[in-house]
Amino acid sequence: MMNRLFSWLSDRLKLPPILHHLLDEAIPGGASWIYIFGSVTLFLFLLQATTGTFLALYYAPTPDHAYESVKFIQEEVPFGGFVRGLHHWGASAMMAAIGLHMLQVFLYGAYKPPREPMWIVGVFLLILTLTFGFTGYLLPWDQKAYWATQVGINLVGSVPWIGGTLARILRGGAELGALTLSRFFAIHTLFLPWLIMFLIAGHLFILRRVGPAGPWDKARAKRISEPFYPKQVFMDAVAMGAVFLALVVLVNLFPAHLGDPADPTDTTFRPVPEWYYLFYYQLLKYSEGPWEPVVTFVLPVLFFAILFAIPFLGRKRERSPARRPIAIGAGALFLVFVFTLLGLAMKETAALKKTDPAVERGRAIYAKLACAGCHRIHGQGAQVGPDLSFVGDARDRDWLIAHFKDPQALVPGSIMPPTRLPEPELEDLTRYMLSLKKG
Ligand code: HEC
């Protein structure tokens, strides 16, 4: 029956030459598990597109309803939590798959001529995926979403010359609000999907025109050749199935989180970005002061400039890693750098979660007394008084308490008003101040 239907269709649509073209593409060196990451990335993109489409059935992109609609999806809609969980973990999986895919291409020198256009389109795909992550993060409109986006947009704002304009365009005004949310929603669900589909088509088109790179060993590539179907198709399918199963397990063990609703007045909330931005976030922590523009602007521009330039650096035909010591060494150094920062950041966030209740009470007092009207902590608050992000490194308990009671006594001419609090609350506030440390 299926066979009859297929041959009937195939007759009319003249499918055989297309199938032949799609499936019989020769893979130099033969099929291999090392080539699965591109297909897995494509699969994850399709999963994001599908789950995202279903999420859009219920999601409402306005500050009044966004949070409630996500809560409704998570708790009331049949399979809503599952679909949202897949979308949440799928995004992380896609970043990981892209990382592994790039690593394989880099190691194999598969970006070298004639595949430079493919690499360049690939870097654009990476940028688009990161933008998907950034814009999607705001949509649940919980505390983390709101404040992490605030930090992200402030970063864009710190770019020299055009930063302010860019930040205003992203926000849709001077404040993060309703316009920002609908803007991010439109970018996330309309602009980016169109763009990325176009670029994915380009990426695959180039692949079919230049052919897969195969192993770096030219003799081996010449000796063995296998068609894409059946072996590579089988490997790709197994990998996709395994990734999907892993996601289902993850979603059941760790459902996607939804925090408290966004509160634009609660400047004490300390957002933590998604893990794939975490290493960069850590780097930012080390770069207060004059170094800040280097990290917020120079390094990212340099990073992507180098990424785009990679196919044009070094010897054009040499693909064996053993004979590309500079490229492989630089790549390894970069990975060590990123993973060290990631490790440090994870250690700090783990420590942050274990904050003692006194610090939490102190944080609440800080908010109640509107200290942020004069002080800035990690980018939040005004800059009338000193930045308190790392005040715990600079002052000890006794100094802080004495200073709270009578600022002018310690800092003559200080405009900071004395803090009149019962002794235990003063202690809590001080504990919070002392918790603000670098490492
Ligand atoms: C009217 C603005 C203003 C308000 C409100 C204010 N401060 Fe200050 N604060 C300052 C100024 C100016 C300084 C610098 C002079 C000084 O050290 O007294 C300062 C200094 C400090 C310092 C010392 C920083 C250092 O290392 O030198 C701490 C700690 C501090 N403020 C905490 C707080 C807390 C906590 C609150 C809320 C209870 C608060 N401030 C409210 C203006 C303010």
# chains A, B, ... in the order shown; residues from 1 in each chain; ligands from 1

$ select_by_dssp --residues "segment 111-249 of chain A" --states "alpha helix (DSSP H)" --output "PyMOL selection string"
chain A and resi 116-138+143-157+163-171+178-186+192-210+218-223+233-249

$ residues_around --residues "segment 204-214 of chain A" --least-positions-apart "5" --cutoff "7 Å" --atoms "only C-alpha atoms" --output "ChimeraX atom specification"
/A:27-29,110,114-115,118,221

$ residues_around --residues "Thr268 of chain A" --least-positions-apart "6" --cutoff "12 Å" --atoms "only C-alpha atoms" --output "CSV table (one decimal) with N, CA and C atoms, in the first residue's frame"
chain,number,residue,atom,x,y,z
A,143,GLN,N,11.7,37.3,37.4
A,143,GLN,CA,12.8,38.1,37.9
A,143,GLN,C,14.1,37.9,37.1
A,144,LYS,N,14.4,36.7,36.9
A,144,LYS,CA,15.7,36.3,36.2
A,144,LYS,C,15.6,36.9,34.8
A,147,TRP,N,15.9,40.9,34.9
A,147,TRP,CA,17.1,41.5,35.3
A,147,TRP,C,18.3,41.0,34.5
A,359,VAL,N,22.0,37.4,55.5
A,359,VAL,CA,22.3,38.1,54.2
A,359,VAL,C,21.0,38.5,53.5
A,360,GLU,N,20.1,37.5,53.4
A,360,GLU,CA,18.9,37.7,52.7
A,360,GLU,C,18.1,38.8,53.4
A,361,ARG,N,18.0,38.8,54.8
A,361,ARG,CA,17.3,39.8,55.5
A,361,ARG,C,18.0,41.2,55.2
A,362,GLY,N,19.3,41.2,55.2
A,362,GLY,CA,20.0,42.4,55.0
A,362,GLY,C,19.7,43.0,53.6
A,363,ARG,N,19.6,42.1,52.6
A,363,ARG,CA,19.3,42.5,51.2
A,363,ARG,C,17.9,43.1,51.2
A,364,ALA,N,17.0,42.6,52.0
A,364,ALA,CA,15.6,43.1,52.0
A,364,ALA,C,15.6,44.5,52.7
A,365,ILE,N,16.5,44.7,53.7
A,365,ILE,CA,16.6,46.0,54.4
A,365,ILE,C,17.2,47.0,53.4
A,366,TYR,N,18.2,46.6,52.7
A,366,TYR,CA,18.8,47.4,51.7
A,366,TYR,C,17.8,48.0,50.7
A,367,ALA,N,16.8,47.1,50.3
A,367,ALA,CA,15.8,47.4,49.3
A,367,ALA,C,14.8,48.4,50.0
A,368,LYS,N,14.4,48.1,51.3
A,368,LYS,CA,13.4,48.9,52.0
A,368,LYS,C,13.9,50.3,52.2
A,369,LEU,N,15.2,50.4,52.6
A,369,LEU,CA,15.7,51.8,52.9
A,369,LEU,C,16.1,52.5,51.6
A,370,ALA,N,15.9,51.9,50.4
A,370,ALA,CA,16.2,52.6,49.1
A,370,ALA,C,17.6,53.0,49.0
A,371,CYS,N,18.6,52.2,49.5
A,371,CYS,CA,20.0,52.6,49.4
A,371,CYS,C,20.4,52.7,47.9
A,372,ALA,N,19.6,52.0,47.0
A,372,ALA,CA,19.9,52.0,45.6
A,372,ALA,C,19.7,53.3,45.0
A,373,GLY,N,19.0,54.2,45.8
A,373,GLY,CA,18.8,55.6,45.3
A,373,GLY,C,20.2,56.3,45.2
A,375,HIS,N,23.3,54.2,45.6
A,375,HIS,CA,24.4,53.2,45.4
A,375,HIS,C,24.1,52.3,44.3
A,376,ARG,N,25.2,51.8,43.6
A,376,ARG,CA,25.0,50.9,42.6
A,376,ARG,C,25.6,49.5,43.0
A,377,ILE,N,24.9,48.4,42.7
A,377,ILE,CA,25.4,47.1,43.0
A,377,ILE,C,25.3,46.3,41.7
A,378,HIS,N,26.3,45.8,41.1
A,378,HIS,CA,26.3,45.0,39.9
A,378,HIS,C,25.4,45.7,38.8
A,379,GLY,N,25.6,46.9,38.6
A,379,GLY,CA,24.9,47.6,37.5
A,379,GLY,C,23.6,48.1,37.9
A,380,GLN,N,23.1,47.8,39.1
A,380,GLN,CA,21.7,48.3,39.5
A,380,GLN,C,21.8,49.4,40.5
A,381,GLY,N,21.1,50.5,40.3
A,381,GLY,CA,21.1,51.6,41.2
A,381,GLY,C,21.8,52.8,40.7
A,388,LEU,N,28.9,49.6,45.4
A,388,LEU,CA,29.0,48.7,46.5
A,388,LEU,C,29.2,47.3,46.1
A,389,SER,N,29.4,47.0,44.8
A,389,SER,CA,29.4,45.7,44.3
A,389,SER,C,30.4,44.8,45.1
A,432,TYR,N,25.0,41.6,54.9
A,432,TYR,CA,24.7,41.7,53.4
A,432,TYR,C,25.9,42.5,52.7
A,436,LEU,N,29.2,41.0,49.7
A,436,LEU,CA,29.4,41.6,48.4
A,436,LEU,C,31.0,41.5,48.2

$ closest_residue --among "A:Ala256, A:Ala327, A:Ala145, A:Val272" --to "Tyr67 of chain A" --atoms "only C-alpha atoms"
A:Ala145

$ residues_near_ligand --ligand "ligand 1" --cutoff "9 Å" --atoms "only C-alpha atoms and all ligand atoms" --output "PyMOL selection string"
chain A and resi 362+365-375+383-388+390-395+399-401+403-404+406-420+429-430+432-434

$ atom_distance --atom1 "atom CA of Ala237 of chain A" --atom2 "atom CA of His87 of chain A"
20.1 Å

$ atom_distance --atom1 "atom CA of Asp24 of chain A" --atom2 "atom CA of Lys222 of chain A"
16.8 Å

$ select_by_dssp --residues "segment 161-306 of chain A" --states "strand (DSSP E or B)" --output "NGL selection string"
:A and (225-227 or 261)

$ write_last_selection --atoms "N, CA, C and O atoms" --output "short mmCIF file (atom, residue, chain, number, x, y, z; two decimals), in the first residue's frame"
data_model
loop_
_atom_site.label_atom_id
_atom_site.label_comp_id
_atom_site.auth_asym_id
_atom_site.auth_seq_id
_atom_site.Cartn_x
_atom_site.Cartn_y
_atom_site.Cartn_z
N SER A 225 35.29 5.50 0.05
CA SER A 225 34.21 6.46 -0.13
C SER A 225 32.90 5.72 0.04
O SER A 225 32.77 4.60 -0.42
N GLU A 226 31.96 6.35 0.78
CA GLU A 226 30.69 5.70 1.04
C GLU A 226 29.59 6.69 0.73
O GLU A 226 29.74 7.87 1.00
N PRO A 227 28.44 6.22 0.22
CA PRO A 227 27.33 7.15 0.03
C PRO A 227 26.73 7.52 1.38
O PRO A 227 26.86 6.79 2.36
N PRO A 261 7.44 36.66 39.49
CA PRO A 261 7.17 37.58 38.38
C PRO A 261 8.15 38.76 38.41
O PRO A 261 8.62 39.16 39.48
#

$ atom_distance --atom1 "atom CA of Glu116 of chain A" --atom2 "atom CA of Tyr276 of chain A"
25.6 Å

$ closest_residue --among "A:Ala91, A:Val294, A:Val40, A:Leu130" --to "Val233 of chain A" --atoms "only C-alpha atoms"
A:Val40

$ residues_around --residues "segment 310-315 of chain A" --least-positions-apart "5" --cutoff "9 Å" --atoms "only C-alpha atoms" --output "number ranges by chain"
A: 109, 111-113, 115-117, 119-120, 305, 324, 326-327

$ residues_around --residues "segment 156-159 of chain A" --least-positions-apart "5" --cutoff "8 Å" --atoms "only C-alpha atoms" --output "count of residues only"
7
